[in-house]
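Raw start_35.cif, mmCIF, C-alpha atoms:
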data_upload
#
loop_
_atom_site.group_PDB
_atom_site.id
_atom_site.type_symbol
_atom_site.label_atom_id
_atom_site.label_comp_id
_atom_site.auth_asym_id
_atom_site.auth_seq_id
_atom_site.Cartn_x
_atom_site.Cartn_y
_atom_site.Cartn_z
ATOM 1 C CA MET A 1 -11.787 177.666 141.636
ATOM 2 C CA GLY A 2 -8.436 176.110 140.722
ATOM 3 C CA GLY A 3 -9.943 172.635 140.313
ATOM 4 C CA TYR A 4 -12.667 174.041 138.103
ATOM 5 C CA ARG A 5 -10.150 175.851 135.905
ATOM 6 C CA THR A 6 -8.156 172.675 135.305
ATOM 7 C CA ALA A 7 -11.305 170.730 134.400
ATOM 8 C CA TRP A 8 -12.505 173.539 132.116
ATOM 9 C CA GLN A 9 -9.148 173.586 130.304
ATOM 10 C CA GLU A 10 -9.329 169.815 129.773
ATOM 11 C CA LEU A 11 -12.886 170.155 128.479
ATOM 12 C CA ASP A 12 -11.912 172.938 126.079
ATOM 13 C CA LYS A 13 -9.026 170.832 124.699
ATOM 14 C CA ALA A 14 -11.289 167.820 124.128
ATOM 15 C CA LEU A 15 -13.989 169.918 122.454
ATOM 16 C CA ASP A 16 -11.464 171.712 120.252
ATOM 17 C CA ALA A 17 -9.832 168.431 119.243
ATOM 18 C CA HIS A 18 -13.099 166.598 118.503
ATOM 19 C CA PRO A 19 -15.973 169.041 117.896
ATOM 20 C CA ASP A 20 -17.810 166.412 115.860
ATOM 21 C CA ARG A 21 -17.673 163.827 118.668
ATOM 22 C CA PHE A 22 -18.501 165.713 121.872
ATOM 23 C CA ILE A 23 -21.348 167.887 123.097
ATOM 24 C CA GLY A 24 -20.024 170.227 125.747
ATOM 25 C CA PHE A 25 -21.424 170.747 129.216
ATOM 26 C CA ARG A 26 -19.675 172.968 131.730
ATOM 27 C CA SER A 27 -19.988 173.020 135.468
ATOM 28 C CA VAL A 28 -20.349 176.178 137.523
ATOM 29 C CA PRO A 29 -19.498 176.623 141.198
ATOM 30 C CA LEU A 30 -22.649 176.388 143.300
ATOM 31 C CA ASP A 31 -21.393 178.673 146.072
ATOM 32 C CA LEU A 32 -21.642 181.855 144.010
ATOM 33 C CA ALA A 33 -24.337 184.524 144.118
ATOM 34 C CA PRO A 34 -27.174 183.909 141.620
ATOM 35 C CA GLN A 35 -26.101 186.909 139.497
ATOM 36 C CA ARG A 36 -22.554 185.559 139.264
ATOM 37 C CA ILE A 37 -23.880 182.123 138.258
ATOM 38 C CA ALA A 38 -26.004 183.780 135.544
ATOM 39 C CA GLU A 39 -22.952 185.673 134.267
ATOM 40 C CA MET A 40 -20.882 182.471 134.128
ATOM 41 C CA VAL A 41 -23.645 180.646 132.269
ATOM 42 C CA ASP A 42 -23.882 183.517 129.757
ATOM 43 C CA ARG A 43 -20.147 183.766 129.201
ATOM 44 C CA ASP A 44 -18.775 180.264 129.790
ATOM 45 C CA VAL A 45 -21.625 178.018 128.682
ATOM 46 C CA VAL A 46 -23.722 179.903 126.122
ATOM 47 C CA GLY A 47 -20.836 182.102 124.984
ATOM 48 C CA ARG A 48 -18.751 179.014 124.177
ATOM 49 C CA GLY A 49 -21.570 177.270 122.345
ATOM 50 C CA LEU A 50 -21.966 174.538 124.951
ATOM 51 C CA ARG A 51 -25.226 172.640 125.361
ATOM 52 C CA GLY A 52 -25.667 172.398 129.101
ATOM 53 C CA ILE A 53 -24.504 172.869 132.659
ATOM 54 C CA GLY A 54 -23.078 170.118 134.782
ATOM 55 C CA GLU A 55 -22.293 167.836 136.282
ATOM 56 C CA LEU A 56 -23.255 169.581 139.516
ATOM 57 C CA THR A 57 -22.668 167.922 142.883
ATOM 58 C CA PRO A 58 -24.223 169.936 145.688
ATOM 59 C CA PRO A 59 -23.121 169.092 149.228
ATOM 60 C CA PRO A 60 -25.481 166.732 151.081
ATOM 61 C CA GLY A 61 -28.644 168.546 152.116
ATOM 62 C CA ARG A 62 -27.972 171.492 149.786
ATOM 63 C CA ALA A 63 -29.789 170.653 146.562
ATOM 64 C CA ASP A 64 -31.301 174.135 146.902
ATOM 65 C CA LEU A 65 -28.009 175.455 145.483
ATOM 66 C CA VAL A 66 -29.069 174.137 142.073
ATOM 67 C CA GLU A 67 -32.015 176.542 141.764
ATOM 68 C CA PRO A 68 -29.973 179.585 140.563
ATOM 69 C CA VAL A 69 -28.401 177.341 137.919
ATOM 70 C CA MET A 70 -31.840 176.192 136.780
ATOM 71 C CA GLN A 71 -32.952 179.814 136.613
ATOM 72 C CA ALA A 72 -29.908 180.777 134.540
ATOM 73 C CA ALA A 73 -30.521 177.805 132.226
ATOM 74 C CA ALA A 74 -34.150 178.849 131.795
ATOM 75 C CA ASP A 75 -32.925 182.193 130.473
ATOM 76 C CA HIS A 76 -31.333 180.302 127.547
ATOM 77 C CA SER A 77 -33.576 178.023 125.541
ATOM 78 C CA GLY A 78 -32.440 174.437 125.314
ATOM 79 C CA LEU A 79 -29.776 174.328 128.029
ATOM 80 C CA ALA A 80 -29.892 171.167 130.097
ATOM 81 C CA VAL A 81 -28.678 170.789 133.686
ATOM 82 C CA VAL A 82 -27.014 167.610 134.969
ATOM 83 C CA VAL A 83 -26.898 166.874 138.706
ATOM 84 C CA HIS A 84 -24.972 164.014 140.284
ATOM 85 C CA GLY A 85 -27.592 161.668 141.684
ATOM 86 C CA PHE A 86 -25.640 159.308 143.923
ATOM 87 C CA ALA A 87 -23.593 159.897 147.091
ATOM 88 C CA PRO A 88 -23.121 162.530 148.406
ATOM 89 C CA THR A 89 -26.569 163.400 147.046
ATOM 90 C CA THR A 90 -29.208 162.281 149.554
ATOM 91 C CA ALA A 91 -32.747 161.030 149.009
ATOM 92 C CA GLU A 92 -33.998 164.344 150.398
ATOM 93 C CA ASP A 93 -31.797 166.196 147.888
ATOM 94 C CA LEU A 94 -33.406 164.221 145.074
ATOM 95 C CA ARG A 95 -36.836 165.204 146.360
ATOM 96 C CA ALA A 96 -35.686 168.828 146.688
ATOM 97 C CA LEU A 97 -34.619 168.871 143.027
ATOM 98 C CA ALA A 98 -38.260 168.371 142.082
ATOM 99 C CA ARG A 99 -39.005 171.974 143.139
ATOM 100 C CA PRO A 100 -36.742 173.739 140.618
ATOM 101 C CA ALA A 101 -37.586 171.088 138.019
ATOM 102 C CA SER A 102 -41.241 172.087 138.397
ATOM 103 C CA ALA A 103 -40.452 175.801 138.534
ATOM 104 C CA TYR A 104 -38.411 175.677 135.297
ATOM 105 C CA PRO A 105 -40.184 173.132 133.054
ATOM 106 C CA SER A 106 -38.292 174.332 129.962
ATOM 107 C CA VAL A 107 -34.995 173.137 131.474
ATOM 108 C CA PRO A 108 -34.210 169.457 130.995
ATOM 109 C CA LEU A 109 -32.916 168.223 134.356
ATOM 110 C CA VAL A 110 -30.802 165.078 134.188
ATOM 111 C CA ILE A 111 -30.031 163.301 137.435
ATOM 112 C CA SER A 112 -27.115 161.023 136.679
ATOM 113 C CA GLN A 113 -26.047 157.914 138.527
ATOM 114 C CA ALA A 114 -29.252 157.679 140.554
ATOM 115 C CA TRP A 115 -29.375 154.257 142.128
ATOM 116 C CA SER A 116 -32.226 152.452 143.730
ATOM 117 C CA PHE A 117 -31.613 149.656 146.165
ATOM 118 C CA PRO A 118 -34.302 147.158 147.125
ATOM 119 C CA ARG A 119 -35.591 147.523 150.633
ATOM 120 C CA PRO A 120 -34.662 144.675 152.944
ATOM 121 C CA THR A 121 -37.564 142.345 153.690
#
Can you dump the structure from the file as structure tokens?
Amino acid sequence: MGGYRTAWQELDKALDAHPDRFIGFRSVPLDLAPQRIAEMVDRDVVGRGLRGIGELTPPPGRADLVEPVMQAAADHSGLAVVVHGFAPTTAEDLRALARPASAYPSVPLVISQAWSFPRPT
């Protein structure tokens, strides 16, 4: 969690320095138990007045790890979730994200950096 802590400290400094310029989102580790994720969202996202969760980058083939985050976001009206949409995210991961997106329609799900390449002819 050391890398997360450093990033969170940098985020806090930027938000404190420019609260009128930035809308805060905070990432959560995806390898935690769902209850622990919910606690972090309560304390570190909602408790700090942030607007969303992310950017999340699940390992390839593990988009299912985003579901507990979506569930925690659904418990708090208006929280958005941002998931990294390009490598290492796979096409199957993008399809898998449709399941929690459908299960939690009140949660805006943003898939960033999704690229589409034309198929060779």
Just checking: using all atoms listed in the file, which residue out of A:Ser27, A:Gln71, A:Gln35, A:Ser106 ends up closest to His84 of chain A? A:Ser27
Write out as a PyMOL selection string each polymer residue whose atoms come within 10 Å of Pro59 of chain A, counting only C-alpha atoms; drop sequence neighbours fewer than 2 positions from it. chain A and resi 30+56-57+61-65+87-90+93
The PyMOL selection byres ((chain A and resi 45) around 12) on the file shown: which residues, as number ranges by chain? A: 8, 11-12, 23-28, 37-44, 46-54, 69, 72-73, 76, 78-81
Requested write-out: C-alpha atoms of the selected residues, as a short mmCIF file (atom, residue, chain, number, x, y, z; two decimals), keeping the file's coordinate frame:
data_model
loop_
_atom_site.label_atom_id
_atom_site.label_comp_id
_atom_site.auth_asym_id
_atom_site.auth_seq_id
_atom_site.Cartn_x
_atom_site.Cartn_y
_atom_site.Cartn_z
CA TRP A 8 -12.50 173.54 132.12
CA LEU A 11 -12.89 170.16 128.48
CA ASP A 12 -11.91 172.94 126.08
CA ILE A 23 -21.35 167.89 123.10
CA GLY A 24 -20.02 170.23 125.75
CA PHE A 25 -21.42 170.75 129.22
CA ARG A 26 -19.68 172.97 131.73
CA SER A 27 -19.99 173.02 135.47
CA VAL A 28 -20.35 176.18 137.52
CA ILE A 37 -23.88 182.12 138.26
CA ALA A 38 -26.00 183.78 135.54
CA GLU A 39 -22.95 185.67 134.27
CA MET A 40 -20.88 182.47 134.13
CA VAL A 41 -23.64 180.65 132.27
CA ASP A 42 -23.88 183.52 129.76
CA ARG A 43 -20.15 183.77 129.20
CA ASP A 44 -18.77 180.26 129.79
CA VAL A 46 -23.72 179.90 126.12
CA GLY A 47 -20.84 182.10 124.98
CA ARG A 48 -18.75 179.01 124.18
CA GLY A 49 -21.57 177.27 122.34
CA LEU A 50 -21.97 174.54 124.95
CA ARG A 51 -25.23 172.64 125.36
CA GLY A 52 -25.67 172.40 129.10
CA ILE A 53 -24.50 172.87 132.66
CA GLY A 54 -23.08 170.12 134.78
CA VAL A 69 -28.40 177.34 137.92
CA ALA A 72 -29.91 180.78 134.54
CA ALA A 73 -30.52 177.80 132.23
CA HIS A 76 -31.33 180.30 127.55
CA GLY A 78 -32.44 174.44 125.31
CA LEU A 79 -29.78 174.33 128.03
CA ALA A 80 -29.89 171.17 130.10
CA VAL A 81 -28.68 170.79 133.69
#
Nearest-residue call for Pro68 of chain A, choices A:Glu10, A:Val107, A:Leu15, A:Pro100, using all atoms listed in the file: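 Counting all atoms listed in the file, the residue closest to Pro68 of chain A is A:Pro100.
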Just checking: using only C-alpha atoms, which residue out of A:Ala17, A:Thr6, A:Ala74, A:Glu55 ends up closest to Gln113 of chain A?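 The closest residue to Gln113 of chain A is A:Glu55.
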I'd like the interatomic distance between atom CA of Leu32 of chain A and atom CA of Val82 of chain A, to a tenth of an Å. 17.7 Å
Atomic distance atom CA of Ser112 of chain A - atom CA of Gly85 of chain A, expressed in Å with one decimal: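 These atoms are spaced 5.1 Å apart.
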Atom CA of Asp20 of chain A and atom CA of Ala114 of chain A are how many Å apart? 28.6 Å
With distances taken over all atoms listed in the file, which of A:Met70, A:Lys13, A:Pro19, A:Asp75 is nearest to Leu97 of chain A?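 Between A:Met70, A:Lys13, A:Pro19, A:Asp75, the residue approaching Leu97 of chain A most closely is A:Met70.
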Using all atoms listed in the file: which of A:Val66, A:Tyr104, A:Leu94, A:Arg99 has the shortest distance to Pro29 of chain A: A:Val66
